[in-house]
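Enquirer: Dropping in start-v5.pdb, with PDB, C-alpha atoms.
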```pdb
ATOM      1  CA  MET V 457    -110.919 114.866 -18.408
ATOM      2  CA  PHE V 458    -109.952 115.471 -14.769
ATOM      3  CA  GLU V 459    -106.998 113.104 -15.111
ATOM      4  CA  VAL V 460    -105.683 115.039 -18.107
ATOM      5  CA  LEU V 461    -106.188 118.383 -16.372
ATOM      6  CA  LEU V 462    -104.444 117.051 -13.257
ATOM      7  CA  LEU V 463    -101.413 115.864 -15.217
ATOM      8  CA  VAL V 464    -101.080 119.007 -17.354
ATOM      9  CA  THR V 465    -101.446 121.481 -14.492
ATOM     10  CA  PHE V 466     -99.197 119.456 -12.195
ATOM     11  CA  ALA V 467     -96.453 119.335 -14.849
ATOM     12  CA  ALA V 468     -96.613 123.136 -15.168
ATOM     13  CA  HIS V 469     -96.515 123.478 -11.372
ATOM     14  CA  VAL V 470     -93.518 121.139 -11.043
ATOM     15  CA  LEU V 471     -91.459 122.958 -13.674
ATOM     16  CA  VAL V 472     -91.769 126.355 -11.976
ATOM     17  CA  MET V 473     -91.509 124.882  -8.488
ATOM     18  CA  ASN V 474     -88.173 123.273  -9.386
ATOM     19  CA  VAL V 475     -86.845 126.672 -10.428
ATOM     20  CA  ALA V 476     -88.082 128.218  -7.159
ATOM     21  CA  LEU V 477     -86.597 125.615  -4.814
ATOM     22  CA  GLY V 478     -83.508 124.753  -6.841
ATOM     23  CA  GLY V 479     -82.798 128.389  -7.626
ATOM     24  CA  THR V 480     -82.885 129.228  -3.916
ATOM     25  CA  LEU V 481     -80.492 126.375  -3.174
ATOM     26  CA  LEU V 482     -78.136 127.460  -5.969
ATOM     27  CA  ALA V 483     -78.196 131.087  -4.820
ATOM     28  CA  CYS V 484     -77.319 129.910  -1.332
ATOM     29  CA  CYS V 485     -74.533 127.576  -2.457
ATOM     30  CA  THR V 486     -72.898 129.826  -5.072
ATOM     31  CA  PRO V 487     -69.380 130.765  -3.869
ATOM     32  CA  GLY V 488     -68.107 134.325  -3.710
ATOM     33  CA  PRO V 489     -66.522 134.772  -7.186
ATOM     34  CA  ARG V 490     -69.663 133.380  -8.767
ATOM     35  CA  ARG V 491     -72.148 135.620  -6.968
ATOM     36  CA  GLY V 492     -73.155 136.956 -10.396
ATOM     37  CA  ALA V 493     -75.042 133.702 -10.868
ATOM     38  CA  ALA V 494     -76.885 134.288  -7.594
ATOM     39  CA  GLY V 495     -77.759 137.794  -8.765
ATOM     40  CA  ALA V 496     -79.187 136.431 -12.000
ATOM     41  CA  LEU V 497     -81.460 134.119 -10.026
ATOM     42  CA  ALA V 498     -82.293 136.440  -7.116
ATOM     43  CA  GLY V 499     -84.539 138.772  -9.093
ATOM     44  CA  ARG V 500     -86.580 135.848 -10.392
ATOM     45  CA  LEU V 501     -87.001 133.774  -7.233
ATOM     46  CA  PRO V 502     -89.900 135.692  -5.598
ATOM     47  CA  THR V 503     -91.792 135.573  -8.902
ATOM     48  CA  ALA V 504     -91.048 131.853  -9.249
ATOM     49  CA  VAL V 505     -92.427 131.176  -5.759
ATOM     50  CA  ALA V 506     -95.570 133.217  -6.487
ATOM     51  CA  ILE V 507     -96.206 131.418  -9.789
ATOM     52  CA  THR V 508     -95.504 128.056  -8.114
ATOM     53  CA  VAL V 509     -98.171 128.726  -5.489
ATOM     54  CA  ASN V 510    -100.715 129.836  -8.084
ATOM     55  CA  LEU V 511     -99.988 126.883 -10.382
ATOM     56  CA  GLY V 512    -100.258 124.553  -7.383
ATOM     57  CA  VAL V 513    -103.946 125.326  -6.889
ATOM     58  CA  PRO V 514    -105.373 123.670 -10.062
ATOM     59  CA  PRO V 515    -103.685 120.263  -9.598
ATOM     60  CA  LEU V 516    -104.670 120.314  -5.909
ATOM     61  CA  LEU V 517    -108.306 120.866  -6.894
ATOM     62  CA  PHE V 518    -108.268 118.153  -9.557
ATOM     63  CA  ALA V 519    -106.507 115.730  -7.179
ATOM     64  CA  SER V 520    -109.187 116.541  -4.589
ATOM     65  CA  VAL V 521    -111.891 115.561  -7.073
ATOM     66  CA  LEU V 522    -110.230 112.242  -7.935
ATOM     67  CA  TYR V 523    -108.423 111.259  -4.728
ATOM     68  CA  GLY V 524    -110.054 113.518  -2.144
ATOM     69  CA  GLN V 525    -110.755 110.880   0.494
ATOM     70  CA  TYR V 526    -107.072 109.857   0.508
ATOM     71  CA  LEU V 527    -105.538 113.304   0.141
ATOM     72  CA  TYR V 528    -107.607 114.890   2.897
ATOM     73  CA  THR V 529    -107.220 111.941   5.255
ATOM     74  CA  ALA V 530    -103.448 112.295   4.916
ATOM     75  CA  ALA V 531    -103.721 116.050   5.539
ATOM     76  CA  ILE V 532    -105.866 115.547   8.658
ATOM     77  CA  LEU V 533    -103.581 112.871  10.124
ATOM     78  CA  SER V 534    -100.606 115.248   9.753
ATOM     79  CA  ALA V 535    -102.596 118.438  10.317
ATOM     80  CA  ARG V 536     -99.972 120.487  12.162
ATOM     81  CA  THR V 537     -97.278 119.850   9.574
ATOM     82  CA  TRP V 538     -99.751 120.390   6.722
ATOM     83  CA  VAL V 539    -100.819 123.807   8.060
ATOM     84  CA  SER V 540     -97.178 124.717   8.695
ATOM     85  CA  PHE V 541     -96.482 124.215   4.976
ATOM     86  CA  PHE V 542     -98.225 127.478   4.071
ATOM     87  CA  LEU V 543     -96.425 129.404   6.801
ATOM     88  CA  LEU V 544     -93.054 128.036   5.687
ATOM     89  CA  VAL V 545     -93.637 129.105   2.087
ATOM     90  CA  MET V 546     -94.883 132.579   3.048
ATOM     91  CA  VAL V 547     -91.879 133.313   5.262
ATOM     92  CA  ALA V 548     -89.497 131.997   2.583
ATOM     93  CA  TYR V 549     -91.245 134.231   0.048
ATOM     94  CA  GLY V 550     -90.598 137.294   2.230
ATOM     95  CA  LEU V 551     -86.951 136.331   2.754
ATOM     96  CA  LEU V 552     -86.425 135.952  -0.992
ATOM     97  CA  TYR V 553     -87.810 139.443  -1.573
ATOM     98  CA  ARG V 554     -85.302 140.744   0.955
ATOM     99  CA  PHE V 555     -82.528 138.689  -0.646
ATOM    100  CA  GLN V 556     -83.412 140.123  -4.061
ATOM    101  CA  SER V 557     -82.558 143.662  -2.925
ATOM    102  CA  ARG V 558     -79.471 142.676  -0.896
ATOM    103  CA  VAL V 559     -77.891 140.000  -3.082
ATOM    104  CA  GLN V 560     -74.486 141.718  -3.085
ATOM    105  CA  ALA V 561     -74.681 142.963   0.516
ATOM    106  CA  ALA V 562     -73.499 141.383   3.744
ATOM    107  CA  GLY V 563     -75.954 138.856   5.095
ATOM    108  CA  ALA V 564     -77.342 137.897   1.683
ATOM    109  CA  THR V 565     -76.142 134.315   2.068
ATOM    110  CA  LEU V 566     -77.908 134.096   5.416
ATOM    111  CA  LEU V 567     -81.184 135.272   3.841
ATOM    112  CA  SER V 568     -80.992 132.790   0.967
ATOM    113  CA  GLY V 569     -79.889 130.047   3.369
ATOM    114  CA  LEU V 570     -82.872 130.587   5.663
ATOM    115  CA  ALA V 571     -85.219 130.631   2.659
ATOM    116  CA  ALA V 572     -83.637 127.406   1.388
ATOM    117  CA  VAL V 573     -84.116 125.683   4.766
ATOM    118  CA  LEU V 574     -87.766 126.760   4.885
ATOM    119  CA  LEU V 575     -88.474 125.585   1.332
ATOM    120  CA  LEU V 576     -86.719 122.276   1.977
ATOM    121  CA  SER V 577     -88.874 121.863   5.091
ATOM    122  CA  ALA V 578     -91.955 122.584   2.963
ATOM    123  CA  SER V 579     -90.830 119.923   0.485
ATOM    124  CA  LEU V 580     -90.594 117.400   3.336
ATOM    125  CA  VAL V 581     -94.188 118.224   4.314
ATOM    126  CA  MET V 582     -95.379 117.653   0.740
ATOM    127  CA  THR V 583     -93.438 114.384   0.533
ATOM    128  CA  ASN V 584     -95.101 113.306   3.758
ATOM    129  CA  ILE V 585     -98.567 114.042   2.341
ATOM    130  CA  ALA V 586     -97.708 112.308  -0.955
ATOM    131  CA  THR V 587     -96.543 109.096   0.724
ATOM    132  CA  LEU V 588     -99.258 109.036   3.387
ATOM    133  CA  SER V 589    -102.077 109.583   0.879
ATOM    134  CA  ILE V 590    -101.183 106.407  -1.045
ATOM    135  CA  ARG V 591    -100.368 104.189   1.953
ATOM    136  CA  PRO V 592    -103.661 103.687   3.874
ATOM    137  CA  GLU V 593    -101.996 100.914   5.894
ATOM    138  CA  ALA V 594    -100.031 103.641   7.732
ATOM    139  CA  TRP V 595    -103.165 105.472   8.837
ATOM    140  CA  ASN V 596    -103.759 103.358  11.938
ATOM    141  CA  VAL V 597    -100.349 104.301  13.294
ATOM    142  CA  ALA V 598    -100.890 107.967  12.402
ATOM    143  CA  ALA V 599    -104.284 107.963  14.114
ATOM    144  CA  THR V 600    -102.672 107.011  17.436
ATOM    145  CA  MET V 601    -100.780 110.328  17.447
ATOM    146  CA  PRO V 602    -103.290 112.958  18.636
ATOM    147  CA  THR V 603    -100.884 115.855  18.040
ATOM    148  CA  GLY V 604    -101.451 115.759  14.272
ATOM    149  CA  GLY V 605     -97.724 115.866  13.618
ATOM    150  CA  PHE V 606     -97.292 112.440  12.058
ATOM    151  CA  PHE V 607     -94.414 111.996   9.609
ATOM    152  CA  ASN V 608     -94.451 108.873   7.478
ATOM    153  CA  LEU V 609     -90.711 108.261   7.884
ATOM    154  CA  ALA V 610     -91.167 104.504   8.151
ATOM    155  CA  ASP V 611     -92.230 104.414   4.509
ATOM    156  CA  PRO V 612     -89.212 103.056   2.547
ATOM    157  CA  THR V 613     -89.999 105.407  -0.353
ATOM    158  CA  PHE V 614     -89.972 108.582   1.766
ATOM    159  CA  PHE V 615     -86.329 109.624   1.523
ATOM    160  CA  PRO V 616     -85.629 108.437  -2.048
ATOM    161  CA  ARG V 617     -88.788 110.240  -3.200
ATOM    162  CA  TRP V 618     -87.709 113.435  -1.422
ATOM    163  CA  LEU V 619     -84.106 113.264  -2.696
ATOM    164  CA  HIS V 620     -85.359 112.597  -6.223
ATOM    165  CA  PHE V 621     -87.450 115.742  -5.970
ATOM    166  CA  VAL V 622     -84.641 117.917  -4.526
ATOM    167  CA  LEU V 623     -82.107 116.746  -7.108
ATOM    168  CA  ALA V 624     -84.586 117.499  -9.898
ATOM    169  CA  SER V 625     -84.954 121.034  -8.567
ATOM    170  CA  LEU V 626     -81.172 121.532  -8.523
ATOM    171  CA  ALA V 627     -80.859 120.189 -12.067
ATOM    172  CA  LEU V 628     -83.664 122.275 -13.554
ATOM    173  CA  ALA V 629     -82.624 125.429 -11.689
ATOM    174  CA  GLY V 630     -79.105 125.022 -13.059
ATOM    175  CA  LEU V 631     -80.515 124.572 -16.547
ATOM    176  CA  PHE V 632     -82.698 127.651 -16.056
ATOM    177  CA  LEU V 633     -79.609 129.675 -15.069
ATOM    178  CA  ALA V 634     -77.797 128.455 -18.191
ATOM    179  CA  LEU V 635     -80.776 129.397 -20.361
ATOM    180  CA  ILE V 636     -81.122 132.973 -19.089
ATOM    181  CA  LYS V 637     -77.389 133.539 -19.576
ATOM    182  CA  SER V 638     -76.993 131.773 -22.921
ATOM    183  CA  ARG V 639     -77.752 134.807 -25.140
ATOM    184  CA  ALA V 640     -75.282 137.077 -23.344
ATOM    185  CA  ALA V 641     -72.731 134.260 -23.325
ATOM    186  CA  GLY V 642     -73.119 133.916 -27.094
ATOM    187  CA  GLN V 643     -72.413 137.643 -27.445
ATOM    188  CA  GLY V 644     -69.054 137.292 -25.708
ATOM    189  CA  ASP V 645     -69.938 138.247 -22.134
ATOM    190  CA  ASP V 646     -67.387 136.406 -19.972
ATOM    191  CA  ASP V 647     -69.449 136.634 -16.769
ATOM    192  CA  ALA V 648     -72.498 135.258 -18.580
ATOM    193  CA  ARG V 649     -70.398 132.461 -20.062
ATOM    194  CA  GLU V 650     -69.139 131.563 -16.591
ATOM    195  CA  ALA V 651     -72.700 131.599 -15.201
ATOM    196  CA  MET V 652     -73.896 129.406 -18.071
ATOM    197  CA  ARG V 653     -71.101 126.905 -17.439
ATOM    198  CA  LEU V 654     -71.967 126.890 -13.747
ATOM    199  CA  GLY V 655     -75.650 126.273 -14.493
ATOM    200  CA  LEU V 656     -74.885 123.420 -16.885
ATOM    201  CA  ALA V 657     -72.496 121.897 -14.348
ATOM    202  CA  TRP V 658     -75.276 121.850 -11.741
ATOM    203  CA  PHE V 659     -77.680 120.405 -14.289
ATOM    204  CA  THR V 660     -75.445 117.579 -15.498
ATOM    205  CA  ARG V 661     -74.093 116.555 -12.096
ATOM    206  CA  ALA V 662     -77.459 116.664 -10.332
ATOM    207  CA  THR V 663     -79.034 114.696 -13.190
ATOM    208  CA  LEU V 664     -76.348 111.997 -12.994
ATOM    209  CA  VAL V 665     -76.942 111.588  -9.264
ATOM    210  CA  GLN V 666     -80.684 111.721  -9.846
ATOM    211  CA  LEU V 667     -80.536 108.728 -12.190
ATOM    212  CA  ALA V 668     -79.025 106.702  -9.347
ATOM    213  CA  VAL V 669     -81.530 108.007  -6.786
ATOM    214  CA  GLY V 670     -84.376 107.357  -9.218
ATOM    215  CA  THR V 671     -83.280 103.716  -9.435
ATOM    216  CA  TRP V 672     -83.235 103.556  -5.638
ATOM    217  CA  PHE V 673     -86.732 105.053  -5.553
ATOM    218  CA  LEU V 674     -87.972 102.477  -8.064
ATOM    219  CA  LEU V 675     -86.551  99.587  -6.025
ATOM    220  CA  THR V 676     -88.216 100.814  -2.797
ATOM    221  CA  LEU V 677     -91.698 100.870  -4.341
ATOM    222  CA  PRO V 678     -94.129  98.172  -3.169
ATOM    223  CA  GLY V 679     -93.757  94.911  -5.076
ATOM    224  CA  LYS V 680     -96.952  95.211  -7.118
ATOM    225  CA  VAL V 681     -96.050  98.755  -8.197
ATOM    226  CA  ARG V 682     -92.429  97.914  -8.973
ATOM    227  CA  HIS V 683     -93.561  94.935 -11.043
ATOM    228  CA  LEU V 684     -95.786  97.294 -13.062
ATOM    229  CA  PHE V 685     -92.709  99.133 -14.372
ATOM    230  CA  LEU V 686     -90.387  96.124 -14.636
ATOM    231  CA  ALA V 687     -92.179  94.436 -17.559
ATOM    232  CA  GLY V 688     -95.403  93.830 -15.655
ATOM    233  CA  ASN V 689     -97.267  96.332 -17.811
ATOM    234  CA  ILE V 690     -95.894  97.207 -21.260
ATOM    235  CA  PRO V 691     -97.367 100.775 -21.537
ATOM    236  CA  ALA V 692     -96.136 101.666 -18.024
ATOM    237  CA  THR V 693     -92.690 100.245 -18.728
ATOM    238  CA  ALA V 694     -92.557 102.128 -22.045
ATOM    239  CA  ILE V 695     -93.475 105.435 -20.371
ATOM    240  CA  LEU V 696     -90.738 104.985 -17.765
ATOM    241  CA  VAL V 697     -88.126 103.968 -20.360
ATOM    242  CA  VAL V 698     -88.971 106.920 -22.621
ATOM    243  CA  GLY V 699     -88.723 109.258 -19.626
ATOM    244  CA  VAL V 700     -85.261 107.924 -18.767
ATOM    245  CA  LEU V 701     -84.096 108.150 -22.396
ATOM    246  CA  LEU V 702     -85.288 111.762 -22.589
ATOM    247  CA  ALA V 703     -83.349 112.538 -19.402
ATOM    248  CA  ILE V 704     -80.231 110.992 -20.959
ATOM    249  CA  MET V 705     -80.696 113.096 -24.110
ATOM    250  CA  ALA V 706     -81.045 116.218 -21.947
ATOM    251  CA  LEU V 707     -77.839 115.180 -20.177
ATOM    252  CA  VAL V 708     -76.001 114.742 -23.482
ATOM    253  CA  HIS V 709     -76.944 118.226 -24.660
ATOM    254  CA  GLY V 710     -76.023 119.616 -21.249
ATOM    255  CA  PHE V 711     -72.517 118.164 -21.551
ATOM    256  CA  ARG V 712     -72.289 119.633 -25.060
ATOM    257  CA  GLY V 713     -73.143 123.100 -23.779
ATOM    258  CA  ARG V 714     -76.538 123.386 -25.481
ATOM    259  CA  PRO V 715     -78.952 124.658 -22.805
ATOM    260  CA  GLY V 716     -81.807 125.264 -25.274
ATOM    261  CA  ARG V 717     -81.944 121.698 -26.550
ATOM    262  CA  ALA V 718     -81.303 120.316 -23.075
ATOM    263  CA  ALA V 719     -84.292 122.313 -21.808
ATOM    264  CA  LEU V 720     -86.614 120.831 -24.445
ATOM    265  CA  TYR V 721     -85.657 117.302 -23.449
ATOM    266  CA  ALA V 722     -85.833 118.194 -19.748
ATOM    267  CA  VAL V 723     -89.397 119.533 -20.087
ATOM    268  CA  ALA V 724     -90.401 116.387 -21.973
ATOM    269  CA  THR V 725     -88.777 114.284 -19.236
ATOM    270  CA  VAL V 726     -90.799 116.064 -16.553
ATOM    271  CA  CYS V 727     -94.028 115.458 -18.494
ATOM    272  CA  PHE V 728     -93.337 111.716 -18.764
ATOM    273  CA  MET V 729     -92.283 111.466 -15.120
ATOM    274  CA  VAL V 730     -95.507 113.180 -14.038
ATOM    275  CA  VAL V 731     -97.375 110.360 -15.787
ATOM    276  CA  VAL V 732     -95.129 107.802 -14.032
ATOM    277  CA  ARG V 733     -95.936 109.438 -10.690
ATOM    278  CA  ASP V 734     -99.641 109.180 -11.431
ATOM    279  CA  LEU V 735     -99.267 105.488 -12.305
ATOM    280  CA  VAL V 736     -97.500 104.892  -8.983
ATOM    281  CA  ARG V 737    -100.431 106.501  -7.142
ATOM    282  CA  ARG V 738    -103.038 104.542  -9.101
ATOM    283  CA  MET V 739    -101.312 101.199  -8.594
ATOM    284  CA  SER V 740    -100.601 101.877  -4.916
ATOM    285  CA  LEU V 741    -104.319 102.396  -4.256
ATOM    286  CA  ALA V 742    -105.553  99.583  -6.514
ATOM    287  CA  PRO V 743    -107.639  97.486  -6.141
ATOM    288  CA  LEU V 744    -108.946  99.356  -3.089
ATOM    289  CA  PHE V 745    -109.718 102.411  -5.210
ATOM    290  CA  LEU V 746    -109.534 103.518  -8.843
ATOM    291  CA  PRO V 747    -110.670 106.955 -10.077
ATOM    292  CA  GLU V 748    -112.803 105.390 -12.825
ATOM    293  CA  SER V 749    -114.966 103.832 -10.095
ATOM    294  CA  LEU V 750    -116.265 107.288  -9.147
ATOM    295  CA  PRO V 751    -119.791 108.118 -10.332
ATOM    296  CA  VAL V 752    -119.873 110.759 -13.073
ATOM    297  CA  ASN V 753    -122.709 113.292 -13.189
ATOM    298  CA  ALA V 754    -121.772 115.705 -15.962
ATOM    299  CA  GLN V 755    -122.451 119.411 -15.356
ATOM    300  CA  TYR V 756    -121.312 121.233 -18.461
ATOM    301  CA  GLY V 757    -122.319 124.723 -17.321
ATOM    302  CA  PRO V 758    -119.537 125.031 -14.705
ATOM    303  CA  PHE V 759    -117.075 123.377 -17.089
ATOM    304  CA  PHE V 760    -117.689 125.882 -19.889
ATOM    305  CA  MET V 761    -117.548 128.682 -17.330
ATOM    306  CA  PHE V 762    -114.167 127.336 -16.251
ATOM    307  CA  LEU V 763    -112.921 127.283 -19.858
ATOM    308  CA  ALA V 764    -114.208 130.806 -20.515
ATOM    309  CA  SER V 765    -112.515 132.112 -17.360
ATOM    310  CA  PHE V 766    -109.296 130.337 -18.289
ATOM    311  CA  LEU V 767    -109.240 131.909 -21.762
ATOM    312  CA  VAL V 768    -109.976 135.401 -20.408
ATOM    313  CA  VAL V 769    -107.246 135.141 -17.779
ATOM    314  CA  ALA V 770    -104.764 133.690 -20.296
ATOM    315  CA  ALA V 771    -105.435 136.523 -22.752
ATOM    316  CA  SER V 772    -105.155 139.108 -19.963
ATOM    317  CA  THR V 773    -101.860 137.615 -18.809
ATOM    318  CA  VAL V 774    -100.386 137.726 -22.317
ATOM    319  CA  TRP V 775    -101.461 141.376 -22.657
ATOM    320  CA  LEU V 776     -99.990 142.255 -19.234
ATOM    321  CA  VAL V 777     -96.643 140.640 -20.041
ATOM    322  CA  ALA V 778     -96.493 142.450 -23.397
ATOM    323  CA  ALA V 779     -97.362 145.782 -21.726
ATOM    324  CA  HIS V 780     -94.690 145.190 -19.081
ATOM    325  CA  ARG V 781     -92.052 144.536 -21.726
ATOM    326  CA  ARG V 782     -93.032 147.630 -23.689
ATOM    327  CA  ALA V 783     -92.793 149.732 -20.538
ATOM    328  CA  GLY V 784     -89.346 148.318 -19.833
ATOM    329  CA  LYS V 785     -88.097 149.309 -23.284
ATOM    330  CA  GLU V 786     -89.435 152.833 -22.892
TER
END
```
Would you encode the structure as structure tokens?
Expert:
Amino acid sequence: MFEVLLLVTFAAHVLVMNVALGGTLLACCTPGPRRGAAGALAGRLPTAVAITVNLGVPPLLFASVLYGQYLYTAAILSARTWVSFFLLVMVAYGLLYRFQSRVQAAGATLLSGLAAVLLLSASLVMTNIATLSIRPEAWNVAATMPTGGFFNLADPTFFPRWLHFVLASLALAGLFLALIKSRAAGQGDDDAREAMRLGLAWFTRATLVQLAVGTWFLLTLPGKVRHLFLAGNIPATAILVVGVLLAIMALVHGFRGRPGRAALYAVATVCFMVVVRDLVRRMSLAPLFLPESLPVNAQYGPFFMFLASFLVVAASTVWLVAAHRRAGKE
């Protein structure tokens, strides 16, 4: 149950987080004549960051239940960088609010650029925690650094993992831009059509590069983990292959100018790749640790309370969004 909840909530978190980081990078990199694309993203970036943070809490809690001794050890060994993560995101959040109101003014590029640097730094911190939490053999080295600023740069998967993540954010943010402009583009709006083309260009090009970086990432995995996906385990290999095929289908529809269909395949790709990521973690820690080795003492009262709270909050959120849209029309 916790595994399923971890995968579902993490997939939701990743989708919005890619829009937040990638959208900030796109807004920063969009050249002058195409600043309309930056304007389309600017108003949504603070909201995307806020939702990313909120959706990041559930998978963190479920990961703490299943892999707590590894996750928290990694956080303690890199304590200064881990604590800085929250400061980086908060400052970036404030800068994006400022950017939202000054997107067409002088200095807007500087604001989005600073926010992009801070969010990229935050992504490096998360990559550090992700690699350190599944490589206990690096803990002895980290423990010799009393400053708590250890970065697991010696891990061969560090940079390909990080680049894979950044490229995914660029691709999905570009696809998001194409989606929000597709209706206006279909109605003959030239600026919207240009923004949609720009978004699809980012999506297709970043995805093509990502396929190469993903292969690099796969080849840098430890031997036992790499063997799992290269015909060592049929279900694991099938999950990876399906994920790659879905990414290729998303790419095909992106080249054909169909952002809606590309988005469906892209979301499915993310879901499969989240499962692949979980398999990498499980195999990296095996046989030292497997989640199913944890003792289970069922307490259904808190679980049903969790479900009841979830349903109430979900219903309230739907009502709030509907009320907001009605107010906008009035």
Enquirer: Considering all atoms listed in the file, give me a table of residues in stretch 715-737 of chain V that are at most 9 Å from stretch 469-487 of chain V, with the closest atom pair and distance in Å for each, as a Markdown table.
Expert:
```
| residue | atom | partner | partner_atom | distance |
| --- | --- | --- | --- | --- |
| V:Val723 | CA | V:Leu471 | CA | 7.6 |
| V:Val726 | CA | V:Leu471 | CA | 7.5 |
| V:Val730 | CA | V:Val470 | CA | 8.7 |
```
Enquirer: So that I can see what lies close to V:Thr613, please list as a ChimeraX atom specification the residues with an atom at most 8 Å from it, counting all atoms listed in the file and leaving out residues fewer than 6 positions away in the same chain.
Expert: /V:587,673,676-677
Enquirer: Find the residues near stretch 606-608 of chain V: any atom within 7 Å, counting only C-alpha atoms, skip ones fewer than 2 places away on the same chain, and give them as a ChimeraX atom specification.
Expert: /V:533-534,584,588,598,601,604,610-611
Enquirer: Mind giving me the straight-line distance from atom CA of V:Val774 to atom CA of V:Lys637 in Å, one decimal?
Expert: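 Between atom CA of V:Val774 and atom CA of V:Lys637 the gap is 23.5 Å.
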Enquirer: Tell me which residues come within 12 Å of (-99.8, 119.6, 11.2), as a list in words, counting all atoms listed in the file in the file's coordinates.
Expert: Ala530, Ala531, Ile532, Leu533, Ser534, Ala535, Arg536, Thr537, Trp538, Val539, Ser540, Phe541, Phe542, Leu543, Ala578, Val581, Met582, Asn584, Ile585, Ala598, Met601, Pro602, Thr603, Gly604, Gly605, Phe606 and Phe607 of chain V
Enquirer: Now that the selection is made, can you save its residues with C-alpha atoms as a PDB file, in the coordinates of the input?
Expert:
```pdb
ATOM      1  CA  ALA V 530    -103.448 112.295   4.916  1.00  0.00           C
ATOM      2  CA  ALA V 531    -103.721 116.050   5.539  1.00  0.00           C
ATOM      3  CA  ILE V 532    -105.866 115.547   8.658  1.00  0.00           C
ATOM      4  CA  LEU V 533    -103.581 112.871  10.124  1.00  0.00           C
ATOM      5  CA  SER V 534    -100.606 115.248   9.753  1.00  0.00           C
ATOM      6  CA  ALA V 535    -102.596 118.438  10.317  1.00  0.00           C
ATOM      7  CA  ARG V 536     -99.972 120.487  12.162  1.00  0.00           C
ATOM      8  CA  THR V 537     -97.278 119.850   9.574  1.00  0.00           C
ATOM      9  CA  TRP V 538     -99.751 120.390   6.722  1.00  0.00           C
ATOM     10  CA  VAL V 539    -100.819 123.807   8.060  1.00  0.00           C
ATOM     11  CA  SER V 540     -97.178 124.717   8.695  1.00  0.00           C
ATOM     12  CA  PHE V 541     -96.482 124.215   4.976  1.00  0.00           C
ATOM     13  CA  PHE V 542     -98.225 127.478   4.071  1.00  0.00           C
ATOM     14  CA  LEU V 543     -96.425 129.404   6.801  1.00  0.00           C
ATOM     15  CA  ALA V 578     -91.955 122.584   2.963  1.00  0.00           C
ATOM     16  CA  VAL V 581     -94.188 118.224   4.314  1.00  0.00           C
ATOM     17  CA  MET V 582     -95.379 117.653   0.740  1.00  0.00           C
ATOM     18  CA  ASN V 584     -95.101 113.306   3.758  1.00  0.00           C
ATOM     19  CA  ILE V 585     -98.567 114.042   2.341  1.00  0.00           C
ATOM     20  CA  ALA V 598    -100.890 107.967  12.402  1.00  0.00           C
ATOM     21  CA  MET V 601    -100.780 110.328  17.447  1.00  0.00           C
ATOM     22  CA  PRO V 602    -103.290 112.958  18.636  1.00  0.00           C
ATOM     23  CA  THR V 603    -100.884 115.855  18.040  1.00  0.00           C
ATOM     24  CA  GLY V 604    -101.451 115.759  14.272  1.00  0.00           C
ATOM     25  CA  GLY V 605     -97.724 115.866  13.618  1.00  0.00           C
ATOM     26  CA  PHE V 606     -97.292 112.440  12.058  1.00  0.00           C
ATOM     27  CA  PHE V 607     -94.414 111.996   9.609  1.00  0.00           C
TER      28      PHE V 607
END
```
Enquirer: Using the chain letters and numbers from the file, give me the residues hit by the PyMOL selection byres ((chain V and resi 628) around 8), as a PyMOL selection string.
Expert: chain V and resi 471+474-475+478+624-627+629-632+659+722
Enquirer: Evaluated on this file, the PyMOL selection byres ((chain V and resi 709) around 12) picks out some residues - which ones are they, written as a PDB file with C-alpha atoms, in the coordinates of the input?
Expert:
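What ended up in out-v3.pdb:
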```
ATOM      1  CA  LEU V 631     -80.515 124.572 -16.547  1.00  0.00           C
ATOM      2  CA  LEU V 656     -74.885 123.420 -16.885  1.00  0.00           C
ATOM      3  CA  ALA V 657     -72.496 121.897 -14.348  1.00  0.00           C
ATOM      4  CA  PHE V 659     -77.680 120.405 -14.289  1.00  0.00           C
ATOM      5  CA  THR V 660     -75.445 117.579 -15.498  1.00  0.00           C
ATOM      6  CA  LEU V 702     -85.288 111.762 -22.589  1.00  0.00           C
ATOM      7  CA  ALA V 703     -83.349 112.538 -19.402  1.00  0.00           C
ATOM      8  CA  ILE V 704     -80.231 110.992 -20.959  1.00  0.00           C
ATOM      9  CA  MET V 705     -80.696 113.096 -24.110  1.00  0.00           C
ATOM     10  CA  ALA V 706     -81.045 116.218 -21.947  1.00  0.00           C
ATOM     11  CA  LEU V 707     -77.839 115.180 -20.177  1.00  0.00           C
ATOM     12  CA  VAL V 708     -76.001 114.742 -23.482  1.00  0.00           C
ATOM     13  CA  GLY V 710     -76.023 119.616 -21.249  1.00  0.00           C
ATOM     14  CA  PHE V 711     -72.517 118.164 -21.551  1.00  0.00           C
ATOM     15  CA  ARG V 712     -72.289 119.633 -25.060  1.00  0.00           C
ATOM     16  CA  GLY V 713     -73.143 123.100 -23.779  1.00  0.00           C
ATOM     17  CA  ARG V 714     -76.538 123.386 -25.481  1.00  0.00           C
ATOM     18  CA  PRO V 715     -78.952 124.658 -22.805  1.00  0.00           C
ATOM     19  CA  GLY V 716     -81.807 125.264 -25.274  1.00  0.00           C
ATOM     20  CA  ARG V 717     -81.944 121.698 -26.550  1.00  0.00           C
ATOM     21  CA  ALA V 718     -81.303 120.316 -23.075  1.00  0.00           C
ATOM     22  CA  ALA V 719     -84.292 122.313 -21.808  1.00  0.00           C
ATOM     23  CA  LEU V 720     -86.614 120.831 -24.445  1.00  0.00           C
ATOM     24  CA  TYR V 721     -85.657 117.302 -23.449  1.00  0.00           C
ATOM     25  CA  ALA V 722     -85.833 118.194 -19.748  1.00  0.00           C
TER      26      ALA V 722
END
```
Enquirer: Point out the residue among V:Ala493, V:Tyr553, V:Leu776, V:Tyr526 with the least atom-to-atom distance to V:Glu650, counting only C-alpha atoms.
Expert: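 Ranked by minimum distance to V:Glu650, first place goes to V:Ala493.
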